[in-house]
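Novice: This is the structure, below, for whatever I ask next.
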Amino acid sequence: MDMKLHEYQAKQVFADAGVPTPESKLASDVDGVVAAAEEIGYPVAVKAQVQVGGRGKAGGIKLVDDEQEAREAADSILGMDLKGYHVDRVLVEEAVDFTNELYVGITMDRGEGKPVAMVSTKGGVDIEAVAEETPEAIAREHIDPSFGMHPYQARKAVYDAGVPGEIARDVSSVLTTLYQLWSDRDGADAEINPLMVTSDNDVIAADAVMNIDEDALFRQPELAEMEDEAASGDALEQKADEYNFDYVRLEGNTGIIGNGAGLVMTTLDLVDHYGGEPANFLDVGGGAKADRIANALDMVFSDENVDSVVFNIFGGITRGDEVAKGINEALEQFDEIPKPVVVRLAGTNWEEGMEILNEDLVTVEQTLEDAVQRAVEYADEVNEQ
Amino acid sequence: MDMKLHEYQAKQVFADAGVPTPESKLASDVDGVVAAAEEIGYPVAVKAQVQVGGRGKAGGIKLVDDEQEAREAADSILGMDLKGYHVDRVLVEEAVDFTNELYVGITMDRGEGKPVAMVSTKGGVDIEAVAEETPEAIAREHIDPSFGMHPYQARKAVYDAGVPGEIARDVSSVLTTLYQLWSDRDGADAEINPLMVTSDNDVIAADAVMNIDEDALFRQPELAEMEDEAASGDALEQKADEYNFDYVRLEGNTGIIGNGAGLVMTTLDLVDHYGGEPANFLDVGGGAKADRIANALDMVFSDENVDSVVFNIFGGITRGDEVAKGINEALEQFDEIPKPVVVRLAGTNWEEGMEILNEDLVTVEQTLEDAVQRAVEYADEVNEQ
Amino acid sequence: MSVLVDDDTRVVVQGITGGEGKFHAEQMMEYGTNVVAGAVPGKGGQEVAGVPVYDTVDEAVEVENADTSVIFVPPAFAGDAIFESLDTDLDLAVAITEGIPTQDMARVNKRLTETDTRLIGPNCPGLITPGEAKLGILPGNIFASGDVGLVSRSGTLTYQVVDSLTNRGIGQTTAIGIGGDPIIGTDFVDALELFENDPDTKAIAMCGEIGGEDEEEAAAYIDEHVDTPVAGFIAGRTAPPGKRMGHAGAIVSGSGTGTAESKINALNDAGVPVGDTPEEVADHVESFLE
Amino acid sequence: MSVLVDDDTRVVVQGITGGEGKFHAEQMMEYGTNVVAGAVPGKGGQEVAGVPVYDTVDEAVEVENADTSVIFVPPAFAGDAIFESLDTDLDLAVAITEGIPTQDMARVNKRLTETDTRLIGPNCPGLITPGEAKLGILPGNIFASGDVGLVSRSGTLTYQVVDSLTNRGIGQTTAIGIGGDPIIGTDFVDALELFENDPDTKAIAMCGEIGGEDEEEAAAYIDEHVDTPVAGFIAGRTAPPGKRMGHAGAIVSGSGTGTAESKINALNDAGVPVGDTPEEVADHVESFLE
C-alpha cells in the first residue's frame with residue numbers, strides 16, 4: 001500500500017528539495033484563511049486538503065481576489081463533504097500567472113521493474129486520460145535504479161516531450177530533483193501537475209503529489225509522522241489500518257474473511273459466481289492468532305451492509321485451532337450473533353479447529369464451494385425478510 | 001592527481017560523517033598545545049600535521065602525560081623539518097587506551113576499474129608492507145559503483161578478515177560509513193589505520209587518511225577550500241601547481257620540457273639512454289600557448305640542479321609557431337641565457353616554428369634523438385667545468 | 001523428476017535464528033529437505049535446528065556446499081539478504097519475506113540481469129517437490145508426488161488448488177509460488193519454461209490474479225512455446241479498479257489494465273481453459289491426464 | 001582495410017559548439033571524416049561547422065543515422081555525455097576529454113559491461129584510418145595508409161612513432177590512442193584482437209607506459225592469441241616509484257607494480273621485441289614487413 005501525502009505536505013517536501021513552489025499557508029478556519037491571504041497578497045487560491053482527485057470540479061478549489069471572496073470561499077470549502085471526505089483544512093496559495101502548464105512525474109513501472117520518468121506538455125489535466133487517449137503526448141524514460149537518473153535522461157525526456165527550448169534546462173532540473181526525491185524518500189509516485197510556466201519562463205509546481213511506499217516507512221521517519229494526518233476518509237478502512245488488515249470495502253452484503261490475498265479474492269469471486277455480492281476483501285494474513293481473528297470479525301460486523309459472513313481459512317502457517325479459538329472468543333461475547341457466520345477450515349490443524357469450533361455459534365462447511373453457497377443463502381434470506 | 005587532506009582535516013570529515021574519532025584540537029604554538037592538552041585532559045598525543053608517512057619514527061608524534069612533557073614535545077615538533085616538510089601545526093589528541101588495532105580502507109582498484117574495501121586485523125603498521133608480505137591478512141571486497149556498498153559486503157569483509165565477533169557490527173558500520181564518505185566526497189583513498197579497539201569494545205579512528213580526486217574538486221567546494229593548507233612541501237612542485245603543469249622533480253641535471261605525458265617520459269628515458277640524467281618531468285599539456293611555454297622555461301631554470309634543457313614538442317593540437325614564440329619571448333628577457341636550451345619541433349606548424357625560432361638563443365635539432373644527445377652533451381660540459 | 005529442487009538440494013536458511021526462520025527450517029527438515037546450514041550475521045558458530053550457523057552465506061557455501069538459500073529475513077534487511085544470496089555462488093534463492101520496499105526490489109531486479117542465481121519471490125510461499133524437498137512455508141501434507149507442475153502468484157490459493165488435485169489422486173512434480181509482489185524474480189514464463197522442459201510434467205496448472213501483465217505474457221509464451229497442456233485460474237474477477245487486493249501487485253489500474261477479463265481472454269486465446277472455481281481447474285487438469 | 005572506422009563511419013560530435021569541439025569537427029571533416037551532426041543540449045536547431053546540431057545524441061542518431069560519437073565535453077559533464085552515447089544505439093564512442101573524475105569513469109566502466117557500444121578513451125587523441133577518416137585530435141598529415149596497426153596509451157608518443165614509420169614509407173591500417181587514464185574503455189587486448197582479425201594489418205606497434213598491468217595482460221594475450229608480429233615500446237623506464245608521470249594511470253606503485261621492467265620482460269617473454277627508442281620500434285616493424 002502507498003501512503004499519500006496531502007498537497008501541502010508534498011509541497012513542503014518538494015520545496016525542501018529545491019523544487020520551486022508558490023508561497024502558501026495552511027489554514028483551518030475562515031479567519032485563518034483571510035490572514036493567510038493577506039500575508040500572501042491577493043489573488044490567492046483556496047484549496048481543500050483532501051486525498052481525492054478532481055477537487056476543482058467538485059468545488060474544492062476557489063480563486064479569490066479580495067477578503068470578501070476569501071471569506072466566502074473559506075466558508076463554503078471548510079467543512080464541506082468532498083466525495084466522502086470531510087474538509088477540515090485548506091491551503092491558501094499565491095495565485096500564479098501562467099502561460100503554459102506541463103506535467104512531470106516519476107513512478108515505478110511495475111511491468112519493467114524500473115522507475116520511469118514522464119514529461120508532457122499536456123499538463124493541468126487528468127494525466128491518466130492523456131495517457132489513454134494520446135500516449136505519445138507523454139515522453140517516458142526508464143531509469144536504471146542502480147545508477148539513478150543521469151542528467152542526459154532528464155534532458156532527453158524533456159526534449160522528447162517537446163518542451164520549449166527556453167525552459168528545457170529548468171524543467172530538466174526539476175525532473176532530476178524529483179527523481180532524487182522519489183528515490184531518497186521511497187516514493188511510489190511523485191508528480192507535479194501542473195508544472196506552471198510563467199510569462200518570465202520560470203517554472204513552478206502548482207500542485208504536488210507524493211505517495212510513499214508504506215513498506216519503506218520504517219526508514220522515512222519524517223514522512224511516517226505525516227501519516228496520521230493523511231489517513232483515508234472511510235471509517236472502516238481507517239479501522240483496518242489500525243488493525244493492520246488488508247481490507248477493501250465493496251458494495252455487497254456478504255462479508256468475507258480469509259487468509260492470503262489470492263484465496264480471499266477467489267472467495268469474493270465465488271460469492272459472485274454463486275449469485276451473491278461481496279461486501280469486502282479482508283485478508284488476515286499468514287499465521288493469524290486468535291485475537292486477530294476476533295478483530296477481523298469485529299471489522300466485518302461493523303459494516304452495516306453485511307448480512308452474512310463467510311470465513312475461509314486454508315492453513316499453511318495459519319493454524320486451524322487458533323482460528324477456531326478466535327472465532328469462538330469473538331462470538332461468545334454476543335448475546336445474539338449479529339450476522340450468521342459460515343466457517344470453512346482446511347490445511348494445518350483443520351481437524352483440531354473443527355473440534356474446537358462452537359457449532360452453536362457458526363455454520364461449518366467442509367468445502368469452499370459449500371461454505372460460499374451457504375453464506376450467500378444466508379445473506380439472501382436476510383434480504384428477503 | 002590526488003589532493004591529500006591533513007590528518008586533522010580528514011578526521012573532521014570522518015567525524016562529520018559519523019565515524020568515531022578521538023577528541024582533538026589543532027595548535028600552532030607551545031601555549032596552544034598546553035591549553036589544548038589541558039582541555040582534553042592528559043595523557044594526550046602531540047602529532048605533527050605534515051603530508052608524510054612514518055611521522056612517529058621520525059619524531060613527529062609524542063605521547064605526553066603532563067604540562068612539562070607537553071611543552072617539550074610541542075617545542076621539539078613545532079618548527080621541525082620532517083622529511084623535507086616544515087611542521088607548523090600539531091594536532092593535540094586524547095590518548096586512546098586500546099587493546100587491538102585494525103585497518104579499514106577504501107580505494108579505487110584501477111586494474112578492475114572498481115572500488116575495493118579492505119579490512120585487516122593487522123592495523124597500526126605500514127599496510128603496504130602487510131599487503132606485500134602477507135596479502136591474505138587483508139580481506140578485500142570489490143564494490144559495484146552503481147549499487148554502492150551493500151551492508152552484507154561490509155560484513156563479509158569484516159568476517160573474512162577475522163575481526164572478532166563482539167566488534168564486527170561496529171567495524172562493519174564504520175566501513176559502510178567510510179565507503180559512503182569516499183563515494184560522496186570523490187575520494188581516491190580513505191583509510192583508518194589504526195582503527196583502535198578499546199577494552200570496552202568501542203572502535204575509534206586513531207588516524208585518518210583521505211585523498212581526494214583532484215579532477216572532482218569542482219564538485220567538492222568544501223574540500224577544495226582545504227587544498228591550499230594541504231599543499232605539497234617542495235617549492236618547485238608548489239610552483240608547478242600554480243602554473244598547472246604536470247611536473248615531477250628528479251635528481252639529474254638535464255631539464256626536460258615536452259607535450260604529452262608519454263612523449264615526455266620517452267624524452268626522460270632517452271636522456272638516460274644517452275648517458276645523461278633527467279632533472280625533471282614537465283608536461284606542458286596539449287595546445288600550450290606562448291605564455292605557458294615561457295612559464296615552463298621559468299620552472300626549469302628555477303631548478304638549480306639543471307645544467308641544460310631539452311625542449312621536445314610534437315605538435316598535434318599544440319602549434320610549433322606558438323611554442324617558438326614562447327621560447328623566444330622567455331629567452332629574450334635574459335641578458336645571458338641561464339642554461340643552454342636545445343629545441344626539437346615536429347608535427348603541426350613545425351616549419352613555421354623553425355622559422356620563428358631565434359637560433360642565437362637556442363640550439364635547434366631535427367630529431368628527438370639528436371636533440372636529447374645534444375642536451376646531454378651540454379649538461380656534461382657544464383659539469384666538467 | 002522435478003524442477004529446481006529435489007532431495008540433493010543443499011539449503012542454507014538466511015535468518016534461521018529468527019522465530020519464523022527456525023520454525024520453518026525445522027518444518028523443511030521434517031519434510032526431508034536437506035538443510036545444511038543457517039546464515040545470520042553475528043550468529044556464526046551457533047547451532048540452530050541441528051545445523052551450524054555462519055556469519056555469511058559465502059561461508060555456508062564454502063563449508064557446507066550449500067547451493068540454495070531460503071530467506072526468512074525481516075523486510076528492512078531482506079533486500080540486502082537477497083543481494084548477498086545473488087552475489088554468492090548459489091543456484092537458487094527463495095525469498096519468503098513479505099513487505100520488502102519496492103525500490104529495494106527494483107535494485108534486486110537489476111542485479112538479476114547480471115547473475116546466474118535464480119530468485120523465487122519475494123512474498124511467496126516457496127516451492128516444493130512432493131516427497132523430496134520443500135523450500136519455504138508450504139504445508140507439505142497436502143501435496144502428493146505426481147505429474148502436474150503448478151505455478152501460482154498466491155500462497156493459500158495454491159493450497160486450495162493442490163488440495164483439489166491431491167484429493168482426486170493427482171500429484172505434482174513441483175509446485176512453485178512465485179509471489180504476489182509487482183517485482184519478483186522467477187515469473188510465469190520462467191516457470192512455464194521449466195515445466196515444459198521437464199519430461200515428467202504432463203500437465204501444468206497456473207494460478208494468476210489481477211494486476212500487471214504477467215498472465216498475458218504467459219499466454220503469449222504458451223501459445224508459442226508450450227506443448228504441455230495448461231489449465232488456468234485467475235483470482236480477482238470481482239475486484240474494483242484502483243483498489244489493491246492484499247498483494248502489492250494485485251491491482252486493476254484506473255485505466256483498466258490488469259483486469260481478470262483481459263487475462264482470461266489472453267489465456268483462452270492461447271488455448272488455455274480457465275476455471276471459474278478451483279475445482280474447475282482440477283477438472284481441466286484431470287481431463288488432460290486421462 | 002581498417003578497424004573500427006572508415007569512410008562510411010557517420011560521426012556525431014558531442015560538444016560541437018565548444019571551441020575545441022568546433023575546431024576539431026572542422027579538422028576531422030577536412031581530413032575527410034563523415035561528420036553528420038553535433039549534439040549539444042539546448043543548441044538543437046543550430047548549425048556548426050556546416051552540420052546540424054541536435055539537443056540529444058538520440059536525435060542525431062535518428063535523424064542523421066550517426067553510428068559513432070566523438071566527445072569534446074568539459075570534464076564535469078563528460079561522464080554524463082559518455083553515458084548518453086553508451087545508452088544510444090551507436091557502434092562506437094570516442095571520448096577525448098581529459099580530467100574526468102575517476103568515480104564517474106568507474107560508473108561508466110560498469111555500464112560498459114551492459115552495452116554493445118564500444119568506448120575509446122577518455123583522455124585519448126582518438127583514432128585514425130589514414131586516407132579515410134579520423135576521429136579525434138590526431139594530426140592527420142603525419143599518417144599514411146599502409147599495413148601497420150598501432151595502439152598507444154599516449155598521444156604525442158603515438159605521433160613520434162608514426163612519424164618514424166611514415167618517414168620510412170611504412171603506412172598504417174588504423175592507429176588507436178586508447179588513452180592514459182587508469183579506467184578506459186578499449187584496452188590493449190581489445191585493440192590487439194581487432195588488429196589480429198584484420199586481414200590487412202601485417203604488423204602491430206604497441207606503445208605502453210608505466211602503471212597498471214595492461215601491458216602484462218596484453219603480453220599474455222599476444223602469447224596465446226596473436227600471430228601478427230608485434231613490436232613494443234614502454235615509456236617511463238626512468239620514472240621513480242610513487243610519482244604520477246602526467247597521465248593519471250602512469251605511476252609505479254610504492255610496492256613496485258607497474259614498472260617498465262616488468263612490462264618489457266612480459267612482452268619479451270611473449271616474443272615481442274621492445275625498442276629502446278621510438279626509432280628502434282620502427283626498425284622492428286620494418287623488419288617484420290620485409
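Lettering and numbering for the C-alpha cells are positional, with chains as A, B, ... in the shown order, residues counted from 1 in each chain, and ligands counted from 1 in the shown order.
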Find the residues in chain A near chain D: any atom within 8 Å counts, using only C-alpha atoms. Write them as number ranges by chain.

Specialist: A: 147, 150-153, 155-156, 159, 165, 168-169

Novice: Fewer than 2 positions away in the same chain doesn't count, so skip those; otherwise give me all residues within 12 Å of Gly258 of chain D, counting only C-alpha atoms, as a ChimeraX atom specification.

Specialist: /B:110-111 /D:182,208-217,234-237,239-244,249-256,260-266

Novice: Suppose we keep C-alpha atoms; can you now write the selection as a JSON list (two decimals), in the first residue's frame?

Specialist:
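Final output, again-v4.json:
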```json
[["chain", "number", "residue", "atom", "x", "y", "z"],
["B", 110, "ARG", "CA", 42.43, 0.69, -11.08],
["B", 111, "GLY", "CA", 43.01, -2.68, -12.66],
["D", 182, "PRO", "CA", 43.56, 4.25, -15.26],
["D", 208, "GLY", "CA", 52.69, 1.25, -23.49],
["D", 209, "GLU", "CA", 53.87, 3.06, -20.44],
["D", 210, "ILE", "CA", 54.39, 2.54, -16.73],
["D", 211, "GLY", "CA", 51.45, 1.97, -14.40],
["D", 212, "GLY", "CA", 48.81, -0.72, -14.11],
["D", 213, "GLU", "CA", 49.11, -4.15, -15.65],
["D", 214, "ASP", "CA", 47.54, -3.68, -19.05],
["D", 215, "GLU", "CA", 50.80, -4.31, -20.90],
["D", 216, "GLU", "CA", 51.36, -7.53, -18.96],
["D", 217, "GLU", "CA", 47.84, -8.65, -19.84],
["D", 234, "ILE", "CA", 57.35, 1.22, -22.97],
["D", 235, "ALA", "CA", 57.69, 4.81, -21.79],
["D", 236, "GLY", "CA", 58.74, 5.67, -18.26],
["D", 237, "ARG", "CA", 61.78, 3.45, -17.63],
["D", 239, "ALA", "CA", 60.20, 7.16, -13.61],
["D", 240, "PRO", "CA", 60.64, 6.97, -9.82],
["D", 241, "PRO", "CA", 58.10, 4.95, -7.82],
["D", 242, "GLY", "CA", 55.15, 6.75, -6.24],
["D", 243, "LYS", "CA", 55.18, 9.70, -8.66],
["D", 244, "ARG", "CA", 52.47, 10.16, -11.25],
["D", 249, "GLY", "CA", 47.46, 6.00, -14.91],
["D", 250, "ALA", "CA", 51.22, 6.41, -15.29],
["D", 251, "ILE", "CA", 52.51, 5.59, -11.85],
["D", 252, "VAL", "CA", 54.75, 2.89, -10.48],
["D", 253, "SER", "CA", 53.23, 1.90, -7.17],
["D", 254, "GLY", "CA", 55.19, 2.01, -3.94],
["D", 255, "SER", "CA", 55.14, -1.78, -3.83],
["D", 256, "GLY", "CA", 56.71, -1.94, -7.30],
["D", 260, "ALA", "CA", 58.68, -0.59, -17.17],
["D", 261, "GLU", "CA", 60.91, -3.55, -16.44],
["D", 262, "SER", "CA", 58.01, -5.86, -15.64],
["D", 263, "LYS", "CA", 56.22, -4.81, -18.82],
["D", 264, "ILE", "CA", 59.27, -5.15, -21.02],
["D", 265, "ASN", "CA", 60.03, -8.60, -19.61],
["D", 266, "ALA", "CA", 56.44, -9.73, -20.12]]
```

Novice: With only C-alpha atoms as the basis for distance, which of D:Ala106, D:Val230, D:Leu289, D:Ile142 is at the shortest distance from Glu112 of chain B?

Specialist: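 Using only C-alpha atoms, Glu112 of chain B sits closest to D:Ala106.
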
Novice: Any chance you could list, as a ChimeraX atom specification, the residues in segment 141-311 of chain A that come up strand (DSSP E) when DSSP is run on the backbone?

Specialist: /A:141-142,187-198,203-205,209-213,246-249,254-258,280-283,308-311

Novice: List as a tab-separated table every residue of chain A that is in contact with chain B, defined as an atom at most 9 Å from one of its atoms (using only C-alpha atoms), together with the nearest atom pair and the distance in Å rounded to one decimal, sorted by chain and then rising number.

Specialist:
```
residue	atom	partner	partner_atom	distance
A:Pro145	CA	B:Phe147	CA	8.5
A:Ser146	CA	B:Phe147	CA	5.0
A:Phe147	CA	B:Ser146	CA	5.0
A:Gly148	CA	B:Ser146	CA	8.4
```

Novice: Write out as JSON, numbers by chain all residues of segment 76-179 of chain B that backbone DSSP assigns to alpha helix (DSSP H).

Specialist: {"B": [76, 77, 127, 128, 129, 130, 131, 132, 133, 151, 152, 153, 154, 155, 156, 157, 158, 159, 160, 165, 166, 167, 168, 169, 170, 171, 172, 173, 174, 175, 176, 177, 178, 179]}

Novice: So that I can check the surroundings of Tyr31 of chain C, please list as a list in words every protein, DNA and RNA residue that reaches within 12 Å of it, counting only C-alpha atoms and ignoring chain neighbours fewer than 4 positions away.

Specialist: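 Once the adjacent positions are removed, what remains is Asp6, Asp7, His24, Ala25, Glu26, Gln27, Val35, Ile128, Thr129, Pro130, Gly131, Glu132, Ala133, Lys134, Leu135, Gly136, Ile137, Leu138, Pro139, Gly140, Asn141, Ile142 and Phe143 of chain C.
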
Novice: Once you have the residues from the selection above, write them out as a short mmCIF file (atom, residue, chain, number, x, y, z; two decimals), in the first residue's frame, restricted to N, CA and C atoms.

Specialist:
```
data_model
loop_
_atom_site.label_atom_id
_atom_site.label_comp_id
_atom_site.auth_asym_id
_atom_site.auth_seq_id
_atom_site.Cartn_x
_atom_site.Cartn_y
_atom_site.Cartn_z
N ASP C 6 15.20 -30.79 -5.48
CA ASP C 6 14.96 -32.21 -5.24
C ASP C 6 15.72 -32.61 -3.98
N ASP C 7 15.86 -33.92 -3.74
CA ASP C 7 16.46 -34.28 -2.45
C ASP C 7 17.97 -34.09 -2.40
N HIS C 24 10.44 -22.78 10.39
CA HIS C 24 10.31 -23.35 9.04
C HIS C 24 11.54 -24.17 8.64
N ALA C 25 12.70 -23.85 9.20
CA ALA C 25 13.86 -24.71 8.95
C ALA C 25 13.54 -26.11 9.47
N GLU C 26 12.98 -26.15 10.66
CA GLU C 26 12.61 -27.45 11.25
C GLU C 26 11.55 -28.16 10.41
N GLN C 27 10.54 -27.38 9.99
CA GLN C 27 9.48 -27.97 9.16
C GLN C 27 10.04 -28.52 7.85
N VAL C 35 18.54 -29.36 4.68
CA VAL C 35 19.01 -28.08 5.21
C VAL C 35 20.38 -28.31 5.82
N ILE C 128 7.97 -26.63 -3.77
CA ILE C 128 8.03 -27.97 -3.19
C ILE C 128 8.06 -29.00 -4.31
N THR C 129 8.90 -30.00 -4.14
CA THR C 129 8.84 -31.20 -4.96
C THR C 129 8.36 -32.31 -4.04
N PRO C 130 7.08 -32.66 -4.16
CA PRO C 130 6.49 -33.56 -3.15
C PRO C 130 7.31 -34.84 -2.98
N GLY C 131 7.50 -35.20 -1.72
CA GLY C 131 8.24 -36.40 -1.41
C GLY C 131 9.74 -36.21 -1.41
N GLU C 132 10.21 -35.08 -1.90
CA GLU C 132 11.66 -34.87 -1.94
C GLU C 132 12.09 -33.72 -1.05
N ALA C 133 11.62 -32.53 -1.36
CA ALA C 133 12.08 -31.38 -0.59
C ALA C 133 11.10 -30.24 -0.73
N LYS C 134 10.99 -29.43 0.32
CA LYS C 134 10.25 -28.18 0.19
C LYS C 134 11.12 -27.05 0.69
N LEU C 135 11.04 -25.92 -0.02
CA LEU C 135 11.76 -24.71 0.35
C LEU C 135 10.73 -23.65 0.63
N GLY C 136 10.52 -23.35 1.90
CA GLY C 136 9.57 -22.30 2.22
C GLY C 136 8.56 -22.76 3.24
N ILE C 137 7.36 -22.22 3.12
CA ILE C 137 6.37 -22.38 4.19
C ILE C 137 5.15 -23.19 3.77
N LEU C 138 5.21 -23.82 2.60
CA LEU C 138 4.03 -24.57 2.16
C LEU C 138 3.76 -25.74 3.11
N PRO C 139 2.48 -26.06 3.36
CA PRO C 139 2.17 -27.20 4.21
C PRO C 139 2.36 -28.49 3.42
N GLY C 140 3.40 -29.23 3.75
CA GLY C 140 3.80 -30.38 2.94
C GLY C 140 2.72 -31.45 2.80
N ASN C 141 1.90 -31.59 3.83
CA ASN C 141 0.99 -32.74 3.86
C ASN C 141 -0.09 -32.71 2.78
N ILE C 142 -0.38 -31.55 2.19
CA ILE C 142 -1.44 -31.53 1.16
C ILE C 142 -0.91 -31.90 -0.22
N PHE C 143 0.40 -31.97 -0.35
CA PHE C 143 0.98 -32.26 -1.67
C PHE C 143 1.19 -33.76 -1.84
#
```

Novice: Would you please work out which residue, of D:Thr113, D:Ser69, D:Gln103, D:Thr259, is nearest to chain C when using only C-alpha atoms?

Specialist: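 Among the listed residues, D:Thr113 lies closest to chain C.
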
Novice: Taking only C-alpha atoms into account, which of D:Glu20, D:Glu98, D:Glu114, D:Asp67 comes nearest chain C?

Specialist: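 Counting only C-alpha atoms, the residue closest to chain C is D:Glu114.
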
Novice: Set the distance at 7 Å and use only C-alpha atoms: which residues neighbour segment 273-283 of chain D once local chain neighbours fewer than 4 positions away are removed? I'd like the list as a ChimeraX atom specification.

Specialist: /B:270 /D:160-161,164-165,231-233,264,268,287

Novice: Work out how far apart atom CA of Glu286 of chain C and atom CA of Gly149 of chain C are and give it in Å to one decimal.

Specialist: 12.8 Å
